[in-house]
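The next block holds one structure in the form of structure tokens; read it before the comments.
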Amino acid sequence: MTAAGETGTAAGGQDETPAADGRAADGPPAGAGGAKKHRLPPHAYFLVSAIFHYLGPALAVLLFADIAPLGVAWLRVASAAVVFALWRRPARLWRLWRAATARIRWLLVAFGFVLAAMNACFYLAIARIPLACVGAMEFLGPVALAAIGVRTRRNAAALALAVAGVVLLSEVKIAGQPIGLAFSFANSALFTLYIVLGHRIAAAGGSTGIDRLAAAMVIAAVAISPAGIAAASVAFTHPLLLGAGCGVGICSSVIPYVTDQLAMARLPRAAFALLMSLLPASATVIGVIVLHQLPGPAEIAGIGLVAAGIALRAESPAASSS
């Protein structure tokens with residue numbers, strides 16, 4: 001589950017307002033001052049996100065022998081919420097909430113619930129089918145969103161490639177793990193919402209975008225608690241398990257979500273969308289190294305088709321230049 005640059009055009013308007021320094025709120029900084037302020041290139045932020053986006057879940061799979069998937073998902077979200085709250089300071093987040101308009105509050109609540117549901121479905125999926133397959137299939141929704149938002153032959157071809165890849169992956173997995181496949185499709189739909197809402201969260205740019213993300217993560221922790229806190233309770237009396245679960249939260253949610261926000265705020269959406277094609281490969285490599293999940297020929301072909309679809313898709317000129 002990454003934040004990923006995706007079509008805000010299909011989702012409606014953006015919260016993008018010009019910043020005081022003369023640049024778009026989610027665009028790259030202008031002038032020498034912006035260059036000095038940001039020492040790392042935005043592509044570096046994306047690379048960090050691509051690694052940790054699947055490294056955390058791979059480590060989570062190793063915990064499934066002791067903690068149920070929903071319990072690990074709760075530990076991930078709750079630990080990330082604690083880190084975000086301490087980092088951004090509770091008083092600051094409270095001021096953000098009080099000063100927010102009703103529209104922004106609804107956005108934060110929606111994003112929080114999407115984060116909670118997406119993490120739950122993602123972990124229930126990777127508990128049943130390989131990480132690389134889930135990582136590839138979650139991009140079907142974003143590619144379909146691009147095709148609906150910008151109806152071109154290029155996007156139609158991109159959607160066809162992604163669908164073909166998912167069909168290949170589904171045929172491999174549906175006979176043995178239909179439930180895992182269902183959770184994987186649910187994760188794909190929620191990932192699409194995460195992308196759309198994530199761009200609106202990031203539209204404020206700078207520290208405000210991170211503060212909004214922190215507030216949404218706290219809401220996500222509350223939302224996932226009824227489903228996951230009981231399953232996670234086994235870790236409360238085992239410090240090593242609790243520490244491992246918190247480590248999963250930092251690797252899975254804190255590091256990639258922050259770097260996602262930093263990258264989305266500075267990269268044109270079309271460039272971010274192209275970089276997303278690397279994520280299925282990242283999931284495959286990490287699945288092989290950490291979990292020893294070796295994909296078969298059909299799975300490699302399916303993952304490759306999805307990655308090609310992600311790379312091929314195009315967005316509207318307005319979204320690409322934002």
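Each chain in the structure tokens gets a letter, A, B, ..., in the order shown, and its residues are numbered from 1; ligands are numbered from 1 in order too.
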
Sorted by chain and rising residue number, list the residues of range 188-290 of chain A at most 10 Å from range 102-126 of chain A (counting only C-alpha atoms), each with its closest atom pair and distance in Å to one decimal, as JSON lines.
```
{"residue": "A:Ser188", "atom": "CA", "partner": "A:Met118", "partner_atom": "CA", "distance": 8.3}
{"residue": "A:Ala189", "atom": "CA", "partner": "A:Met118", "partner_atom": "CA", "distance": 8.6}
{"residue": "A:Leu190", "atom": "CA", "partner": "A:Met118", "partner_atom": "CA", "distance": 5.5}
{"residue": "A:Phe191", "atom": "CA", "partner": "A:Met118", "partner_atom": "CA", "distance": 6.6}
{"residue": "A:Thr192", "atom": "CA", "partner": "A:Val114", "partner_atom": "CA", "distance": 9.8}
{"residue": "A:Leu193", "atom": "CA", "partner": "A:Val114", "partner_atom": "CA", "distance": 7.1}
{"residue": "A:Tyr194", "atom": "CA", "partner": "A:Val114", "partner_atom": "CA", "distance": 6.4}
{"residue": "A:Ile195", "atom": "CA", "partner": "A:Phe111", "partner_atom": "CA", "distance": 9.7}
{"residue": "A:Val196", "atom": "CA", "partner": "A:Phe111", "partner_atom": "CA", "distance": 9.5}
{"residue": "A:Leu197", "atom": "CA", "partner": "A:Phe111", "partner_atom": "CA", "distance": 6.2}
{"residue": "A:Gly198", "atom": "CA", "partner": "A:Phe111", "partner_atom": "CA", "distance": 7.4}
{"residue": "A:Arg200", "atom": "CA", "partner": "A:Leu107", "partner_atom": "CA", "distance": 8.2}
{"residue": "A:Ile201", "atom": "CA", "partner": "A:Leu107", "partner_atom": "CA", "distance": 7.8}
{"residue": "A:Arg212", "atom": "CA", "partner": "A:Leu108", "partner_atom": "CA", "distance": 6.9}
{"residue": "A:Leu213", "atom": "CA", "partner": "A:Leu108", "partner_atom": "CA", "distance": 7.9}
{"residue": "A:Ala214", "atom": "CA", "partner": "A:Gly112", "partner_atom": "CA", "distance": 9.5}
{"residue": "A:Ala215", "atom": "CA", "partner": "A:Leu108", "partner_atom": "CA", "distance": 7.0}
{"residue": "A:Ala216", "atom": "CA", "partner": "A:Gly112", "partner_atom": "CA", "distance": 4.4}
{"residue": "A:Met217", "atom": "CA", "partner": "A:Gly112", "partner_atom": "CA", "distance": 5.7}
{"residue": "A:Val218", "atom": "CA", "partner": "A:Gly112", "partner_atom": "CA", "distance": 7.4}
{"residue": "A:Ile219", "atom": "CA", "partner": "A:Gly112", "partner_atom": "CA", "distance": 5.0}
{"residue": "A:Ala220", "atom": "CA", "partner": "A:Gly112", "partner_atom": "CA", "distance": 4.2}
{"residue": "A:Ala221", "atom": "CA", "partner": "A:Ala116", "partner_atom": "CA", "distance": 6.9}
{"residue": "A:Val222", "atom": "CA", "partner": "A:Ala116", "partner_atom": "CA", "distance": 8.6}
{"residue": "A:Ala223", "atom": "CA", "partner": "A:Phe113", "partner_atom": "CA", "distance": 6.1}
{"residue": "A:Ile224", "atom": "CA", "partner": "A:Ala116", "partner_atom": "CA", "distance": 5.3}
{"residue": "A:Ser225", "atom": "CA", "partner": "A:Ala116", "partner_atom": "CA", "distance": 9.0}
{"residue": "A:Ala227", "atom": "CA", "partner": "A:Ala120", "partner_atom": "CA", "distance": 8.7}
{"residue": "A:Gly228", "atom": "CA", "partner": "A:Ala120", "partner_atom": "CA", "distance": 8.5}
{"residue": "A:Ser252", "atom": "CA", "partner": "A:Asn119", "partner_atom": "CA", "distance": 9.8}
{"residue": "A:Ser253", "atom": "CA", "partner": "A:Asn119", "partner_atom": "CA", "distance": 9.6}
```

Based on the selection just made, write N, CA and C atoms of those residues as a PDB file, in the first residue's frame.
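Output below, filename part30.pdb:
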```
ATOM      1  N   SER A 188      -6.967  -3.692  -3.512  1.00  0.00           N
ATOM      2  CA  SER A 188      -6.756  -2.889  -4.722  1.00  0.00           C
ATOM      3  C   SER A 188      -7.729  -1.717  -4.777  1.00  0.00           C
ATOM      4  N   ALA A 189      -9.000  -1.980  -4.458  1.00  0.00           N
ATOM      5  CA  ALA A 189      -9.990  -0.898  -4.467  1.00  0.00           C
ATOM      6  C   ALA A 189      -9.662   0.157  -3.417  1.00  0.00           C
ATOM      7  N   LEU A 190      -9.266  -0.289  -2.234  1.00  0.00           N
ATOM      8  CA  LEU A 190      -8.931   0.649  -1.169  1.00  0.00           C
ATOM      9  C   LEU A 190      -7.636   1.404  -1.485  1.00  0.00           C
ATOM     10  N   PHE A 191      -6.713   0.745  -2.170  1.00  0.00           N
ATOM     11  CA  PHE A 191      -5.473   1.401  -2.571  1.00  0.00           C
ATOM     12  C   PHE A 191      -5.759   2.549  -3.531  1.00  0.00           C
ATOM     13  N   THR A 192      -6.746   2.362  -4.387  1.00  0.00           N
ATOM     14  CA  THR A 192      -7.135   3.432  -5.299  1.00  0.00           C
ATOM     15  C   THR A 192      -7.649   4.639  -4.522  1.00  0.00           C
ATOM     16  N   LEU A 193      -8.490   4.387  -3.524  1.00  0.00           N
ATOM     17  CA  LEU A 193      -8.974   5.484  -2.680  1.00  0.00           C
ATOM     18  C   LEU A 193      -7.833   6.138  -1.913  1.00  0.00           C
ATOM     19  N   TYR A 194      -6.891   5.325  -1.456  1.00  0.00           N
ATOM     20  CA  TYR A 194      -5.727   5.857  -0.734  1.00  0.00           C
ATOM     21  C   TYR A 194      -4.944   6.832  -1.609  1.00  0.00           C
ATOM     22  N   ILE A 195      -4.790   6.492  -2.876  1.00  0.00           N
ATOM     23  CA  ILE A 195      -4.046   7.343  -3.801  1.00  0.00           C
ATOM     24  C   ILE A 195      -4.762   8.681  -3.989  1.00  0.00           C
ATOM     25  N   VAL A 196      -6.052   8.615  -4.273  1.00  0.00           N
ATOM     26  CA  VAL A 196      -6.825   9.835  -4.520  1.00  0.00           C
ATOM     27  C   VAL A 196      -6.837  10.721  -3.272  1.00  0.00           C
ATOM     28  N   LEU A 197      -7.164  10.131  -2.126  1.00  0.00           N
ATOM     29  CA  LEU A 197      -7.218  10.916  -0.893  1.00  0.00           C
ATOM     30  C   LEU A 197      -5.821  11.358  -0.460  1.00  0.00           C
ATOM     31  N   GLY A 198      -4.819  10.515  -0.710  1.00  0.00           N
ATOM     32  CA  GLY A 198      -3.453  10.864  -0.338  1.00  0.00           C
ATOM     33  C   GLY A 198      -2.953  12.093  -1.054  1.00  0.00           C
ATOM     34  N   ARG A 200      -4.833  14.536  -2.068  1.00  0.00           N
ATOM     35  CA  ARG A 200      -5.522  15.687  -1.474  1.00  0.00           C
ATOM     36  C   ARG A 200      -4.924  16.042  -0.114  1.00  0.00           C
ATOM     37  N   ILE A 201      -4.504  15.011   0.635  1.00  0.00           N
ATOM     38  CA  ILE A 201      -3.822  15.257   1.902  1.00  0.00           C
ATOM     39  C   ILE A 201      -2.499  15.978   1.656  1.00  0.00           C
ATOM     40  N   ARG A 212      -1.405  16.441   8.509  1.00  0.00           N
ATOM     41  CA  ARG A 212      -2.670  15.817   8.111  1.00  0.00           C
ATOM     42  C   ARG A 212      -2.540  14.297   8.092  1.00  0.00           C
ATOM     43  N   LEU A 213      -1.420  13.811   7.560  1.00  0.00           N
ATOM     44  CA  LEU A 213      -1.180  12.373   7.541  1.00  0.00           C
ATOM     45  C   LEU A 213      -1.157  11.820   8.962  1.00  0.00           C
ATOM     46  N   ALA A 214      -0.502  12.525   9.882  1.00  0.00           N
ATOM     47  CA  ALA A 214      -0.432  12.078  11.273  1.00  0.00           C
ATOM     48  C   ALA A 214      -1.823  12.011  11.896  1.00  0.00           C
ATOM     49  N   ALA A 215      -2.636  13.028  11.657  1.00  0.00           N
ATOM     50  CA  ALA A 215      -3.997  13.027  12.197  1.00  0.00           C
ATOM     51  C   ALA A 215      -4.810  11.872  11.632  1.00  0.00           C
ATOM     52  N   ALA A 216      -4.661  11.618  10.333  1.00  0.00           N
ATOM     53  CA  ALA A 216      -5.383  10.515   9.701  1.00  0.00           C
ATOM     54  C   ALA A 216      -4.929   9.165  10.258  1.00  0.00           C
ATOM     55  N   MET A 217      -3.645   9.049  10.576  1.00  0.00           N
ATOM     56  CA  MET A 217      -3.143   7.786  11.130  1.00  0.00           C
ATOM     57  C   MET A 217      -3.712   7.531  12.519  1.00  0.00           C
ATOM     58  N   VAL A 218      -3.871   8.570  13.309  1.00  0.00           N
ATOM     59  CA  VAL A 218      -4.498   8.415  14.626  1.00  0.00           C
ATOM     60  C   VAL A 218      -5.944   7.942  14.456  1.00  0.00           C
ATOM     61  N   ILE A 219      -6.649   8.524  13.505  1.00  0.00           N
ATOM     62  CA  ILE A 219      -8.018   8.096  13.224  1.00  0.00           C
ATOM     63  C   ILE A 219      -8.033   6.643  12.761  1.00  0.00           C
ATOM     64  N   ALA A 220      -7.052   6.258  11.942  1.00  0.00           N
ATOM     65  CA  ALA A 220      -6.966   4.871  11.464  1.00  0.00           C
ATOM     66  C   ALA A 220      -6.773   3.901  12.620  1.00  0.00           C
ATOM     67  N   ALA A 221      -5.958   4.287  13.607  1.00  0.00           N
ATOM     68  CA  ALA A 221      -5.729   3.414  14.759  1.00  0.00           C
ATOM     69  C   ALA A 221      -7.025   3.174  15.532  1.00  0.00           C
ATOM     70  N   VAL A 222      -7.826   4.215  15.666  1.00  0.00           N
ATOM     71  CA  VAL A 222      -9.116   4.070  16.341  1.00  0.00           C
ATOM     72  C   VAL A 222     -10.045   3.186  15.509  1.00  0.00           C
ATOM     73  N   ALA A 223     -10.036   3.382  14.198  1.00  0.00           N
ATOM     74  CA  ALA A 223     -10.947   2.643  13.323  1.00  0.00           C
ATOM     75  C   ALA A 223     -10.641   1.152  13.284  1.00  0.00           C
ATOM     76  N   ILE A 224      -9.365   0.778  13.335  1.00  0.00           N
ATOM     77  CA  ILE A 224      -9.010  -0.641  13.205  1.00  0.00           C
ATOM     78  C   ILE A 224      -9.045  -1.379  14.541  1.00  0.00           C
ATOM     79  N   SER A 225      -9.150  -0.643  15.647  1.00  0.00           N
ATOM     80  CA  SER A 225      -9.090  -1.273  16.965  1.00  0.00           C
ATOM     81  C   SER A 225     -10.163  -2.331  17.204  1.00  0.00           C
ATOM     82  N   ALA A 227     -11.458  -4.443  15.284  1.00  0.00           N
ATOM     83  CA  ALA A 227     -11.161  -5.672  14.548  1.00  0.00           C
ATOM     84  C   ALA A 227      -9.830  -6.301  14.935  1.00  0.00           C
ATOM     85  N   GLY A 228      -8.877  -5.487  15.426  1.00  0.00           N
ATOM     86  CA  GLY A 228      -7.536  -6.018  15.579  1.00  0.00           C
ATOM     87  C   GLY A 228      -6.935  -6.035  16.963  1.00  0.00           C
ATOM     88  N   SER A 252       6.566  -0.046   7.781  1.00  0.00           N
ATOM     89  CA  SER A 252       5.471  -0.141   6.819  1.00  0.00           C
ATOM     90  C   SER A 252       4.706   1.161   6.640  1.00  0.00           C
ATOM     91  N   SER A 253       4.554   1.923   7.713  1.00  0.00           N
ATOM     92  CA  SER A 253       3.665   3.087   7.666  1.00  0.00           C
ATOM     93  C   SER A 253       4.391   4.407   7.830  1.00  0.00           C
TER      94      SER A 253
END
```

Range 47-62 of chain A surroundings by only C-alpha atoms, 10 Å radius, close-in-sequence under 5 positions cut, as an MDAnalysis selection string
chainID A and resid 1:4 42 67:69 72:73 75:76 119 122:123 126:128 130:132 135 244:245 247:261 263 275:276 278:291

Rounded to one decimal, what separation in Å do you get between CA of Pro41 in chain A and CA of Asp211 in chain A?
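Pair CA of Pro41 in chain A / CA of Asp211 in chain A returns 21.7 Å.
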
As a PyMOL selection string, which residues of range 51-208 of chain A does DSSP assign to alpha helix (DSSP H)?
chain A and resi 51-63+69-88+90-99+102-126+131-137+140-149+153-173+178-202+206-208

Select, from A:Val306, A:Leu181, A:Leu93, A:Leu240, the residue with the minimum atom-to-atom distance to Gly209 in chain A, counting only C-alpha atoms.
A:Leu93

What is the CA of Leu63 in chain A to CA of Ala81 in chain A distance in Å?
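Here the two named atoms are 19.9 Å from each other.
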